[in-house]
Each structure stands twice: as C-alpha cells, then as structure tokens.
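Enquirer: Structure provided below as structure tokens; questions to follow.
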Amino acid sequence: MITVEFLGPIQKPILSMEASTLRDVAEVLRQDDEMAQWIDSCAVAVNDTLVSSLDTVLKEGDKVSLLPPVCGG
Amino acid sequence: MITVEFLGPIQKPILSMEASTLRDVAEVLRQDDEMAQWIDSCAVAVNDTLVSSLDTVLKEGDKVSLLPPVCGG
Amino acid sequence: MLELHDGALNVPEILTRWYVQESASNYGAYIPFVGTVRDEDGIEGLSFDVYEPILTSWFDAWVAKAAPLGAKLKMAHSRGDVLLHESSYIAAVFSPKRRVALETIDAFVEDFKASAPIWKYDLRDGQRLYARDRSTAIAGAGLLGSAQ
Amino acid sequence: MLELHDGALNVPEILTRWYVQESASNYGAYIPFVGTVRDEDGIEGLSFDVYEPILTSWFDAWVAKAAPLGAKLKMAHSRGDVLLHESSYIAAVFSPKRRVALETIDAFVEDFKASAPIWKYDLRDGQRLYARDRSTAIAGAGLLGSAQ
C-alpha cells in the first residue's frame, strides 16, 4: 500500500492504494471526478522529492504528494 | 571672474580666473603640472550641473567643479 | 536559515537579527527582499499554507547553489493569516560582492515564486479563497494527467 | 529621501524607520541594499568624501525616474570614517510589484557606483589613501583634457 496526499487547496483526504509505479496512481486519479480540475496543474512528489516520470517505482509505504499551483510571498 | 574647485582627493585650492567658456578653463588647467594626473579622468560641473561641452558658456560668478573618479558604497 | 512564523513577520526584528548574525562574516552586501500584503481588490488579508518538507529541500538546494558564489541565503515566511500592510515574506542574500548579491536575490525570489510549495488564499468576508488565478503550476506539473 | 550620516550607519534603525514610514503606503515589495566595509588587503577601514549638491541632484533624478514605475527610493550614506564590518551605504526601493523593485534596485545601485560624487579612501596606518584603482571615472570624464 502507498498513500496519496493532496496539498494546499485540494480538499481531499489522504488515499491509500496498491500501486507499483506512479502510472497506477495516475490511472486511479484520472477516474476521480473531484480531481478533474486539479490533475493537469499538479506537480507530484514521492517521499517529498519532486518526480518527473510516470515510471517512477513505488514501494510499500511510499508517500505520493500532489502539489497544486503555488503562490508564496 | 569664475572659480574652479577640485573635489575629493584632488589636493588643490580653489582657483579664480577669467573665462568665457569652459575651453578657457581647459587651457589653463592643461598647463598646470599638478593637474596632469587628473585632467583626463575628471568630469566637470558648472554650478553643480554636469556638462559635456567645452563650448559651455561661463558668466561672472560661475563655479566650475572637477570630479575625479568616484567610488561610493 | 529558513524560518516559518505563525501570522505576520516582525520585519524589524528579523532584518536586524540577520544583520547582526552576519556582522563579523565579512560580507560586503546584504540585500533583503520584504514582501508585504497590499490592499487591493477589497481583500481583508492573505492566508498561507506551507508544505515544509519540500520547502526545506527547495531552500537547501538554493543554499548549495549559492555557496560556491560565496553567498549566504536566509528566508522567513508566514503560515496562516497576514493582514493588510503586514509582511509575510523575507528573502535575503549576503555576499562579498554586490553583483553576486543583486543577481542572486533576483533569481532566488523569482524561483521562490515559481516553485516554493506555498499556497495563497484571499481573506474575504471571513472566508479563505484560494488565489488560483495568481498561482503558478510548478515546473513539470500535469504529470498524472499526461498520456505517457 | 537622501540621508548623509557622519561615520557608520545604524543599519537596524534605518531599515526599521524606512519600513515603518512606508507601512501604510501599500507597497508590496521593499528591497534595501546594505553595503558593509570588508576586512581585506589589511585596511583598517574606509573613509568617504561626499559632494552633496551633485549627489542630491543625481538622487532627485532617480526619484523622478522611479516615480512613473510607482517606485520610491531612499538612500543613506556615510561621510568620514567607517571601520571594518560597519556599514556605509543603504539604498532601498519600495514598489507595488516585485519585478519593478528587483530591476530598480539593481539599476539604482549600479548607477550609484558609476556616477554618485563620493570618493573612497582606504584607512591604513592612520593615513587616508584615495582608492583610485577601485574608482570609476564619471561618464563624460576627460572633457578638459580632450582637444575639441
């Protein structure tokens, strides 16, 4: 099992799911109507490191984070 | 009569002279051995405004200032 | 040094403390950038969410990038509500030389705006409204939506 | 606002006073640049001569140039001796927006170095030695030596 957490303004509780790569996570979230407005603008981190490939391998206990558009300052 | 003052590190007292343009001032200062090390690196102001032409007209009481290379900060 | 504060920053205290901290470090230039909440579009203030683990690694990467230039970075940011004319952000660079300092503060502040995991909300009528139209997708965003 | 101080600047006092002065002016960005005397080449400190009339007109021209951008400028500089690790120069910009603030502080500080009528001396063995090799001729210099 891995967890998926939604940061900042995304009002969605943490998900737990089985996934061996980020592609599996993408498939689940693309089916999720709540995520439709967010999925194309979110960056993705695995264990707090930003990643850039859907082939990123996930292992038991990994944490995937979705980061919507930012505006600090 | 106009006056010529030397700013910053130029150790030279104020001069008074007759001059109708800045060209007259240049002719005097080019003869001055003390000014040899400064004359090519100084900017010139008339009555505290920087000027860029030797044809600048001078009138009674005008103040010409020589500004050697600067380094504020 | 990265500091997170609840609510508005005490700007005089922070600017002074950082200046004193580095007073014997032989830096020739100190440039803080202070960001203050503007009264515009009828907002009552701003509010911020900060995701600290990624903010810390983003900041640490900048510290490592600035070090070979001889520059040191410091940053403070607010969490939660910051009212009109209060300050929420200070970024600062110290460096021996002015060109490095001027170029580094510019690049650091711009990358902060583009990349730091902080979310801004407008405070209006007691509500906290995500400032989506002023927000920037982080480089590489959209990965999960893409058909790779 | 242009301030000249005898000896070193009280940096916390000045940064705080300027911040408080503009606290209700609705600027979003405040960037001070602080210049501090470095311990290098065995100097004991620096010393400065300032020619105030032309410095004032140089500064006023910058204020006029910044105004259409919505930016406000402030500056403080020392006269006389400033010892190691003390500060002699603060330039600051306030502006509604960060890009204007970042670009203005850079251009303002660089033009200051190239044009402001201030002369720097190294303090060594109780002597005051003109720092000619670090000084810059003002644009248009050499007029009187040229054969026009």
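Here, A, B, ... name the chains of the structure tokens in the order displayed, residue numbers run from 1 inside each chain, and ligands are numbered from 1 in the same displayed order.
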Report the residues of chain C whose backbone DSSP state falls under alpha helix (DSSP H), written as a ChimeraX atom specification.

Expert: /C:11-21,52-66,98-115

Enquirer: Using only C-alpha atoms, which residues sit within 10 Å of Thr56 in chain B once same-chain residues fewer than 4 positions away are excluded, as a PyMOL selection string?

Expert: chain B and resi 20-23+46+51-52

Enquirer: For Met1 in chain B, list every protein, DNA or RNA residue within 12 Å, evaluated using only C-alpha atoms, and leave out those in the same chain fewer than 6 positions away; present the list as a PyMOL selection string.

Expert: chain B and resi 15-21+24-25+58-64

Enquirer: Pick out the chain D residues within 6 Å of chain C. Count only C-alpha atoms. Give them as a list in words.

Expert: Pro12, Thr16, Asn26, Gly28, Ala29, Tyr30, Ile31, Pro32, Phe33, Val34, Gly35, Thr36 and Arg38 of chain D

Enquirer: Mind checking which residues fall within 10 Å of range 119-126 of chain D, counting only C-alpha atoms, ignoring those fewer than 2 positions away in the same chain, and posting them as a ChimeraX atom specification?

Expert: /B:7-9,67-73 /D:41-51,79-83,116-117,128-132,134-136

Enquirer: Quick one: everything within 7 Å of Leu66 in chain B, counting only C-alpha atoms, minus sequence neighbours fewer than 6 positions away in the same chain. Send it as a PyMOL selection string.

Expert: chain B and resi 5-7+42-45

Enquirer: Can I get the selected residues back with all heavy atoms, as a PDB file, in the first residue's frame?

Expert:
ATOM      1  N   GLU B   5      36.813  74.654  -8.560  1.00  0.00           N
ATOM      2  CA  GLU B   5      37.085  73.894  -7.332  1.00  0.00           C
ATOM      3  C   GLU B   5      37.347  72.436  -7.671  1.00  0.00           C
ATOM      4  O   GLU B   5      36.841  71.899  -8.650  1.00  0.00           O
ATOM      5  CB  GLU B   5      35.943  74.046  -6.312  1.00  0.00           C
ATOM      6  CG  GLU B   5      34.655  73.419  -6.749  1.00  0.00           C
ATOM      7  CD  GLU B   5      33.580  73.423  -5.661  1.00  0.00           C
ATOM      8  OE1 GLU B   5      33.715  74.142  -4.664  1.00  0.00           O
ATOM      9  OE2 GLU B   5      32.586  72.684  -5.837  1.00  0.00           O
ATOM     10  N   PHE B   6      38.154  71.812  -6.814  1.00  0.00           N
ATOM     11  CA  PHE B   6      38.650  70.458  -7.064  1.00  0.00           C
ATOM     12  C   PHE B   6      38.106  69.560  -5.964  1.00  0.00           C
ATOM     13  O   PHE B   6      38.344  69.817  -4.786  1.00  0.00           O
ATOM     14  CB  PHE B   6      40.182  70.492  -7.083  1.00  0.00           C
ATOM     15  CG  PHE B   6      40.707  71.440  -8.124  1.00  0.00           C
ATOM     16  CD1 PHE B   6      40.941  72.783  -7.812  1.00  0.00           C
ATOM     17  CD2 PHE B   6      40.898  71.014  -9.429  1.00  0.00           C
ATOM     18  CE1 PHE B   6      41.383  73.667  -8.785  1.00  0.00           C
ATOM     19  CE2 PHE B   6      41.348  71.901 -10.408  1.00  0.00           C
ATOM     20  CZ  PHE B   6      41.593  73.230 -10.081  1.00  0.00           C
ATOM     21  N   LEU B   7      37.374  68.542  -6.349  1.00  0.00           N
ATOM     22  CA  LEU B   7      36.642  67.751  -5.348  1.00  0.00           C
ATOM     23  C   LEU B   7      37.402  66.490  -4.961  1.00  0.00           C
ATOM     24  O   LEU B   7      38.296  66.032  -5.675  1.00  0.00           O
ATOM     25  CB  LEU B   7      35.257  67.392  -5.899  1.00  0.00           C
ATOM     26  CG  LEU B   7      34.353  68.598  -6.193  1.00  0.00           C
ATOM     27  CD1 LEU B   7      33.037  68.143  -6.808  1.00  0.00           C
ATOM     28  CD2 LEU B   7      34.087  69.410  -4.919  1.00  0.00           C
ATOM     29  N   CYS B  42      38.681  63.422 -15.012  1.00  0.00           N
ATOM     30  CA  CYS B  42      37.697  64.222 -14.266  1.00  0.00           C
ATOM     31  C   CYS B  42      36.469  64.566 -15.100  1.00  0.00           C
ATOM     32  O   CYS B  42      36.590  64.993 -16.263  1.00  0.00           O
ATOM     33  CB  CYS B  42      38.331  65.540 -13.797  1.00  0.00           C
ATOM     34  SG  CYS B  42      39.321  65.358 -12.315  1.00  0.00           S
ATOM     35  N   ALA B  43      35.295  64.433 -14.461  1.00  0.00           N
ATOM     36  CA  ALA B  43      34.080  65.013 -15.016  1.00  0.00           C
ATOM     37  C   ALA B  43      34.013  66.473 -14.561  1.00  0.00           C
ATOM     38  O   ALA B  43      34.703  66.876 -13.621  1.00  0.00           O
ATOM     39  CB  ALA B  43      32.855  64.242 -14.545  1.00  0.00           C
ATOM     40  N   VAL B  44      33.188  67.257 -15.247  1.00  0.00           N
ATOM     41  CA  VAL B  44      33.137  68.701 -14.995  1.00  0.00           C
ATOM     42  C   VAL B  44      31.697  69.138 -14.770  1.00  0.00           C
ATOM     43  O   VAL B  44      30.791  68.744 -15.516  1.00  0.00           O
ATOM     44  CB  VAL B  44      33.718  69.477 -16.204  1.00  0.00           C
ATOM     45  CG1 VAL B  44      33.714  70.981 -15.916  1.00  0.00           C
ATOM     46  CG2 VAL B  44      35.126  68.991 -16.525  1.00  0.00           C
ATOM     47  N   ALA B  45      31.505  69.925 -13.718  1.00  0.00           N
ATOM     48  CA  ALA B  45      30.183  70.508 -13.467  1.00  0.00           C
ATOM     49  C   ALA B  45      30.304  72.026 -13.481  1.00  0.00           C
ATOM     50  O   ALA B  45      31.327  72.577 -13.064  1.00  0.00           O
ATOM     51  CB  ALA B  45      29.648  70.044 -12.123  1.00  0.00           C
TER      52      ALA B  45
END

Enquirer: With chain C fixed, least-squares superpose chain D over all its C-alpha atoms paired in order and give the RMSD in Å.

Expert: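 The C-alpha RMSD comes to 0.0 Å.
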
Enquirer: Report, in Å with one decimal, the straight-line distance from CA of Met1 in chain C to CA of Trp18 in chain C.

Expert: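 Separation between CA of Met1 in chain C and CA of Trp18 in chain C: 9.6 Å.
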
Enquirer: Could you pull out the residues in range 36-137 of chain C that DSSP calls strand (DSSP E) from the backbone, as a ChimeraX atom specification?

Expert: /C:36,45-50,72-83,87-95,118-124,127-130

Enquirer: Find the residues around Gly145 in chain D up to 9 Å (only C-alpha atoms counted), leave out those fewer than 5 positions away in its own chain, and share them as a list in words.

Expert: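 That gives Ala26, Glu27, Leu29, Arg30, Ala36, Ile39, Asp40, Ser41 and Cys42 of chain B.
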